[in-house]
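Asker: To start, I am sharing the structure in question, which I have written as structure tokens.
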Amino acid sequence: MAKTNPGNFFEDFEAGAELVHAVPRTITEGEAAMYIGLTGSRYPLHCSAEFARSLGFSRETINDLLVFHIVFGKTVNDVSLNAVANLGYAGLRFLLPVYPGDTLRSVSKVVGKRENSNGKTGVVWVKTVGTNQRGEAVLEYYRWVMVHKRDPSTPTGAADRPAMPKEVAPSELVVPSNLDLSRYEEWPSGGAAYFEDYEIGEKIDHVDGMTIEESEHATATRLYQNTAKVHFDAVQTKQTRFGRRLMYGGHVISVARSLSFNGMERVLGILAWNGGAHANPTFAGDTIYAYSEILDKADIPGRADVGALRVRLVGLKDVGPTEAGFPLKVSKDDGEAYHGSVVLDLDYWLLVPRRVR
Amino acid sequence: MAKTNPGNFFEDFEAGAELVHAVPRTITEGEAAMYIGLTGSRYPLHCSAEFARSLGFSRETINDLLVFHIVFGKTVNDVSLNAVANLGYAGLRFLLPVYPGDTLRSVSKVVGKRENSNGKTGVVWVKTVGTNQRGEAVLEYYRWVMVHKRDPSTPTGAADRPAMPKEVAPSELVVPSNLDLSRYEEWPSGGAAYFEDYEIGEKIDHVDGMTIEESEHATATRLYQNTAKVHFDAVQTKQTRFGRRLMYGGHVISVARSLSFNGMERVLGILAWNGGAHANPTFAGDTIYAYSEILDKADIPGRADVGALRVRLVGLKDVGPTEAGFPLKVSKDDGEAYHGSVVLDLDYWLLVPRRVR
Amino acid sequence: MAKTNPGNFFEDFEAGAELVHAVPRTITEGEAAMYIGLTGSRYPLHCSAEFARSLGFSRETINDLLVFHIVFGKTVNDVSLNAVANLGYAGLRFLLPVYPGDTLRSVSKVVGKRENSNGKTGVVWVKTVGTNQRGEAVLEYYRWVMVHKRDPSTPTGAADRPAMPKEVAPSELVVPSNLDLSRYEEWPSGGAAYFEDYEIGEKIDHVDGMTIEESEHATATRLYQNTAKVHFDAVQTKQTRFGRRLMYGGHVISVARSLSFNGMERVLGILAWNGGAHANPTFAGDTIYAYSEILDKADIPGRADVGALRVRLVGLKDVGPTEAGFPLKVSKDDGEAYHGSVVLDLDYWLLVPRRVR
């Protein structure tokens, strides 16, 4: 019998099928420390047991992006080992805090598939749910990828393109029920801005930059047990169009979000992603910069103490946000494409304390 | 009095002497996380507390190779600081699971020494035992190294070459007594193969490759508190025949074993090494590939639920196992030697669940 | 309102003001493991729960330099983001052991400021105290930095240069009150020397070297949540006089101290720093070596079991201490300056067990 996993091809995905991903993972203090070392994250909810307790948590929680990377990493082996491209995310919601010691697993359901007209590839839509050791969902999201067909000469007839949520409505955002701001202190986060202080349309240039080394993104990606070969194999990737290892796009998100602490210090967590794009590939040696644009502000039903900021987090490479004088998208062929220096365009909802509560 | 340790020379080893190695080490969740980040290991017994508990363990256990590296690392300072070459391993057995929080120490006994005819070097054989904080042995192995003589002009007359075990017999393999497969689930490991599905002579090409950076092998080797200078000092190693830092051979074993998860997902652990060779040196920038060859299968006395697979784990550099069209060994001078792309040849026993139990 | 922190300028510091630094940090087993992986530290008090318990501690303690880096890292954002130079340290004392799980915070008091005659910069003196979650001080030190003025054209008149302690007197050294050597064993540390065996004037050449990669110092510095841009941003640092990223000087201290284990194995901790200088900048690719010179020996009031060694720890780059035939300082212009290969000159007090107690 065949022993190694060559990954699923387009034909292998059955609409409605449930993929139970292997390798459950207990996230410990070790992963939390490595995440800080690899990304420079400073959000005190994830690095101070005292601050977390002052807000009603039992101890410091796991960074939401670390939760995402672990949940996502498990799916690669079944969903995207033969992916040509990661096309998009939608409807991502964080549902429950994760603590050191919790064990996460991931299950994905195939919610649609459509063959491309070239006959060589198709698009597969999945909904992935990450759960803890009590079976409680901690994270869910839709994702779609373009994957190779095993047999380009035989049409499959698959033509089911499911509707993806355009955004997560404020009423769908989940604030941790234990969160209690009655003992909120300002000094642990630093910064000056509360929910009231951010204005729609405001652009915040995060002033720091971070150069990423080959060993850093590879170590992070191994930590997430993500098995995509393009991140690890310098010999095989010589044959690809980039000729070298590609950085895991999730690492760029992590770095951009860590940089965004400077200007958004009081953010308590990511509530949801409306959508996101890895606008351009990143490689070792690239220096990541970021800016945030406030897209919207929303009340959260039942909570007078916190609000939701809808933010566009843009990652740039090798040019700072203040120096970058170009538009996000430029005309290309008949349409438009991201400027070559843009590496991330993420539209997400952030949980922010109110000054008046 | 002399303060720094120049390492032992051939004359310093006394047959029968016991070397109590310094620096006991508590292995924590931190080491376990770093091991995953540096090697990409995915065996769920070592990363999921839930999976481990379902098999009768109290929580996730420490990867057996991490245990080996920690136990081995302590011995370097006393055994091999002046080694010309690591000649071999024999009779290595894992004896007891190690958990986060356990504290390991190592003791080596000199079991033989023989001066080489050139008068400049000699071979020293040691038996090393790693024990936990309760004094229970968790690992034992024989190892022999060629070390410099302090005084090449004075013969020592040492001519004692002890017999090394050619292999570990199945009856000597130690299965953790707590292991209980009555609640074994398939999904946490993924993969499809049980003990019954592996055939003697079968070759499994592990399809992934991993490029190793200088900082990765050095960080792993520091984590093991291994003090061999050749892995760390770029200035001093300029004077060596390689002209650069050498990768710790144990890191190659770790990476090869992590790669072997794809095709051997249900393996529950290493039981023993029959022998092994670091066939060729590896350096930063090398991309490691691996294949496994099933050498033998054995029942384990008293256990109907698991079997022992004797496997040859071969590590290659810069060429995948399927592409490698060369024999392991090639003729060289009057004898034969490993092909230059072969970096590891390890003969070990693996613990594998049976389908029918 | 402005969201991002541009750092304080000379005018922003008020004499007597207290800067409460953001981002309290729970130090866990994860940080402890990463510290070993990044520096190669082997002091058994910090890596063996059993050894620590034998000395009266509740478990392994956090390496004192890791405590320093965490406490220091928090201050960068408020004190030295616009620093031209780190001028010095004085009166640094470790006051209490830190355990995994403790949460540290830092507060700095401005103890003096003096404008430079060029009008462009000034010197600011601060006293920083690191405290644990019970509010107990674990570390304190004075530090002074040269920072840019916001407005070079307007003199501030600041001319207050506070007296800095020239040294920490033996009577001010704090030995952990729980330390009990009645069950002290020799093997966990290895080495041979006790307090009695070190002689004033003795020089100990630590025989190992360690080459540092870009990802190693950057990961360490992110782990400490130190935000100084010069360590992370390869694009921005192209414009600096070095044209590249600068290694955090604290990483050099960590590496030099780890190297010093070989020859000073029984040292139980750093008690204090009398003063220190980052003599020359270090960069990725540099190989660090170290030697220790015994400056003084002192009894510690009330303790017959331990003594204090005053040691000069010198770090070198790319040349070993035995090979280095040059003086520490050479004449330059009208004065003298450190030889270009000297990267660290640290004067500190170490806690060492006595043979006779």
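Residues in the structure tokens are named by chain (A, B, ... in the order shown) and by number from 1 within that chain; ligands are numbered from 1 in the order shown.
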Can I get the residues of chain C within 10 Å of chain A, each with the closest pair of atoms and their distance in Å to one decimal, using only C-alpha atoms, sorted chain first then ascending number, as a Markdown table?

Answerer:
| residue | atom | partner | partner_atom | distance |
| --- | --- | --- | --- | --- |
| C:Met1 | CA | A:Asp197 | CA | 7.0 |
| C:Ala2 | CA | A:Gly263 | CA | 8.1 |
| C:Lys3 | CA | A:Gly263 | CA | 4.4 |
| C:Thr4 | CA | A:Gly263 | CA | 4.0 |
| C:Asn5 | CA | A:Asn262 | CA | 6.4 |
| C:Pro6 | CA | A:Val207 | CA | 7.9 |
| C:Leu19 | CA | A:Trp187 | CA | 9.9 |
| C:Val20 | CA | A:Trp187 | CA | 6.8 |
| C:His21 | CA | A:Trp187 | CA | 7.1 |
| C:Ala22 | CA | A:Pro188 | CA | 4.6 |
| C:Val23 | CA | A:Pro188 | CA | 4.9 |
| C:Pro24 | CA | A:Ser48 | CA | 5.6 |
| C:Arg25 | CA | A:Ser48 | CA | 4.7 |
| C:Thr26 | CA | A:Ser48 | CA | 4.8 |
| C:Ile27 | CA | A:Cys47 | CA | 8.2 |
| C:Thr28 | CA | A:Glu29 | CA | 6.4 |
| C:Glu29 | CA | A:Glu29 | CA | 6.5 |
| C:Gly30 | CA | A:Gly30 | CA | 4.0 |
| C:Glu31 | CA | A:Ala33 | CA | 5.6 |
| C:Ala32 | CA | A:Ala33 | CA | 9.1 |
| C:Ala33 | CA | A:Gly30 | CA | 7.9 |
| C:Met34 | CA | A:Met34 | CA | 7.4 |
| C:Asn77 | CA | A:Gly190 | CA | 9.9 |
| C:Gly101 | CA | A:Ala49 | CA | 8.2 |
| C:Asp102 | CA | A:Ala49 | CA | 8.6 |
| C:Thr103 | CA | A:Ser48 | CA | 6.4 |
| C:Leu104 | CA | A:Ser48 | CA | 8.4 |
| C:Arg105 | CA | A:Pro188 | CA | 8.7 |
| C:Gln133 | CA | A:Glu50 | CA | 7.2 |
| C:Glu213 | CA | A:Glu213 | CA | 9.7 |
| C:Glu214 | CA | A:Glu213 | CA | 7.5 |
| C:Ser215 | CA | A:Glu213 | CA | 6.0 |
| C:Glu216 | CA | A:Glu216 | CA | 8.9 |
| C:Ala218 | CA | A:Gly37 | CA | 8.2 |
| C:Thr219 | CA | A:Gly37 | CA | 4.9 |
| C:Ala220 | CA | A:Gly37 | CA | 6.4 |
| C:Thr221 | CA | A:Gly37 | CA | 7.6 |
| C:Arg222 | CA | A:Gly40 | CA | 4.6 |
| C:Leu223 | CA | A:Gly37 | CA | 4.1 |
| C:Tyr224 | CA | A:Gly37 | CA | 7.8 |
| C:Gln225 | CA | A:Gly40 | CA | 6.0 |
| C:Asn226 | CA | A:Gly40 | CA | 8.3 |
| C:Thr227 | CA | A:Gly40 | CA | 8.3 |
| C:Ala228 | CA | A:Asp208 | CA | 9.0 |
| C:Lys229 | CA | A:Asp208 | CA | 6.6 |
| C:Val230 | CA | A:Gly209 | CA | 9.8 |
| C:His231 | CA | A:Met210 | CA | 8.8 |
| C:Phe232 | CA | A:Met210 | CA | 5.1 |
| C:Asp233 | CA | A:Met210 | CA | 5.0 |
| C:Ala234 | CA | A:Thr211 | CA | 5.9 |
| C:Val235 | CA | A:Asp318 | CA | 6.4 |
| C:Gln236 | CA | A:Gly209 | CA | 8.0 |
| C:Arg245 | CA | A:Thr211 | CA | 9.5 |

Asker: So that I can check the secondary structure, give me every residue of range 182-349 of chain C assigned helix (DSSP H, G or I) by backbone DSSP, as a PyMOL selection string.

Answerer: chain C and resi 182-183+195-197+214-223+229-231+236-239+249-259

Asker: Pick the closest to Asp64 in chain C from C:Val168, C:Leu313, C:Ile270, C:Leu351: which is it, counting only C-alpha atoms?

Answerer: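 Result for the nearest residue to Asp64 in chain C: C:Ile270.
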
Asker: For Ser106 in chain C, list every protein, DNA or RNA residue within 12 Å, evaluated using only C-alpha atoms, and leave out those in the same chain fewer than 4 positions away; present the list as an mmCIF file with C-alpha atoms, in the first residue's frame.

Answerer:
data_model
loop_
_atom_site.group_PDB
_atom_site.id
_atom_site.type_symbol
_atom_site.label_atom_id
_atom_site.label_comp_id
_atom_site.auth_asym_id
_atom_site.auth_seq_id
_atom_site.Cartn_x
_atom_site.Cartn_y
_atom_site.Cartn_z
ATOM 1 C CA TRP A 187 -0.078 51.274 31.852
ATOM 2 C CA PRO A 188 0.300 47.609 30.802
ATOM 3 C CA GLU C 18 8.597 58.276 36.973
ATOM 4 C CA LEU C 19 8.224 56.365 33.714
ATOM 5 C CA VAL C 20 5.970 53.349 34.152
ATOM 6 C CA HIS C 21 6.965 51.102 31.279
ATOM 7 C CA ALA C 22 4.342 49.149 29.380
ATOM 8 C CA VAL C 23 4.116 45.419 28.679
ATOM 9 C CA PRO C 24 4.443 43.449 31.912
ATOM 10 C CA ARG C 25 5.822 40.030 31.144
ATOM 11 C CA VAL C 67 15.798 38.890 33.910
ATOM 12 C CA PHE C 68 17.960 41.874 33.035
ATOM 13 C CA HIS C 69 17.088 41.733 29.343
ATOM 14 C CA ILE C 70 13.353 41.532 30.035
ATOM 15 C CA VAL C 71 13.442 44.403 32.531
ATOM 16 C CA PHE C 72 15.680 46.455 30.249
ATOM 17 C CA GLY C 73 13.670 45.704 27.098
ATOM 18 C CA LYS C 74 10.607 47.434 28.539
ATOM 19 C CA THR C 75 12.497 50.650 29.130
ATOM 20 C CA VAL C 76 13.712 51.105 25.548
ATOM 21 C CA ASN C 77 10.411 52.453 24.294
ATOM 22 C CA ASP C 78 10.415 55.277 26.822
ATOM 23 C CA VAL C 79 14.091 55.886 27.449
ATOM 24 C CA VAL C 126 17.574 57.042 34.946
ATOM 25 C CA LYS C 127 17.254 54.567 37.769
ATOM 26 C CA THR C 128 15.272 51.515 36.695
ATOM 27 C CA VAL C 129 13.670 49.023 39.058
ATOM 28 C CA GLY C 130 12.243 45.709 37.927
ATOM 29 C CA THR C 131 9.575 44.219 40.177
ATOM 30 C CA ASN C 132 7.667 40.963 40.311
ATOM 31 C CA GLN C 133 3.909 40.384 40.616
ATOM 32 C CA GLY C 135 5.707 44.291 43.905
ATOM 33 C CA GLU C 136 9.048 43.073 45.194
ATOM 34 C CA ALA C 137 12.095 44.565 43.510
ATOM 35 C CA VAL C 138 14.146 41.927 41.687
ATOM 36 C CA LEU C 139 16.651 44.183 39.942
ATOM 37 C CA GLU C 140 17.740 47.813 40.002
ATOM 38 C CA TYR C 141 20.292 49.788 38.046
#

Asker: Quick one: everything within 8 Å of Lys166 in chain C, counting only C-alpha atoms, minus sequence neighbours fewer than 5 positions away in the same chain. Send it as a PyMOL selection string.

Answerer: chain C and resi 90-91+274-275

Asker: Restricting the calculation to only C-alpha atoms: of C:Glu185, C:Asp345, C:Glu14, C:Asp299, which residue gets closest to Lys109 in chain C?

Answerer: C:Glu14

Asker: Provide the CA of Thr154 in chain B to CA of Phe13 in chain B distance in Å, to one decimal place.

Answerer: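 Straight-line distance from CA of Thr154 in chain B to CA of Phe13 in chain B works out to 15.4 Å.
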
Asker: Tell me which protein, DNA and RNA residues are within 8 Å of Pro176 in chain C, counting only C-alpha atoms, leaving out same-chain ones fewer than 3 positions away, and put them as a VMD selection string.

Answerer: chain C and resid 95 to 97 179

Asker: Dump N, CA, C and O atoms for the selected residues as a PDB file, in the first residue's frame?

Answerer:
ATOM      1  N   LEU C  95      18.294  41.500  43.206  1.00  0.00           N
ATOM      2  CA  LEU C  95      17.781  41.600  44.575  1.00  0.00           C
ATOM      3  C   LEU C  95      16.986  40.388  45.026  1.00  0.00           C
ATOM      4  O   LEU C  95      16.834  40.146  46.219  1.00  0.00           O
ATOM      5  N   LEU C  96      16.474  39.607  44.072  1.00  0.00           N
ATOM      6  CA  LEU C  96      15.596  38.493  44.434  1.00  0.00           C
ATOM      7  C   LEU C  96      15.559  37.515  43.264  1.00  0.00           C
ATOM      8  O   LEU C  96      15.541  37.932  42.113  1.00  0.00           O
ATOM      9  N   PRO C  97      15.533  36.189  43.551  1.00  0.00           N
ATOM     10  CA  PRO C  97      15.426  35.235  42.442  1.00  0.00           C
ATOM     11  C   PRO C  97      14.084  35.382  41.719  1.00  0.00           C
ATOM     12  O   PRO C  97      13.072  35.749  42.332  1.00  0.00           O
ATOM     13  N   LEU C 179      19.200  30.656  49.990  1.00  0.00           N
ATOM     14  CA  LEU C 179      20.349  29.864  49.541  1.00  0.00           C
ATOM     15  C   LEU C 179      20.965  29.114  50.713  1.00  0.00           C
ATOM     16  O   LEU C 179      21.343  29.702  51.720  1.00  0.00           O
TER      17      LEU C 179
END

Asker: Which one of C:Tyr184, C:Tyr291, C:Tyr89, C:Phe242 sits closest to Pro321 in chain C if you count only C-alpha atoms?

Answerer: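 Ranked by minimum distance to Pro321 in chain C, first place goes to C:Tyr291.
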
Asker: Looking only at strand (DSSP E or B) from DSSP on the backbone, list the matching residues of range 141-318 of chain B as a ChimeraX atom specification.

Answerer: /B:141-148,159-160,203-211,269-277,287-300,303-317
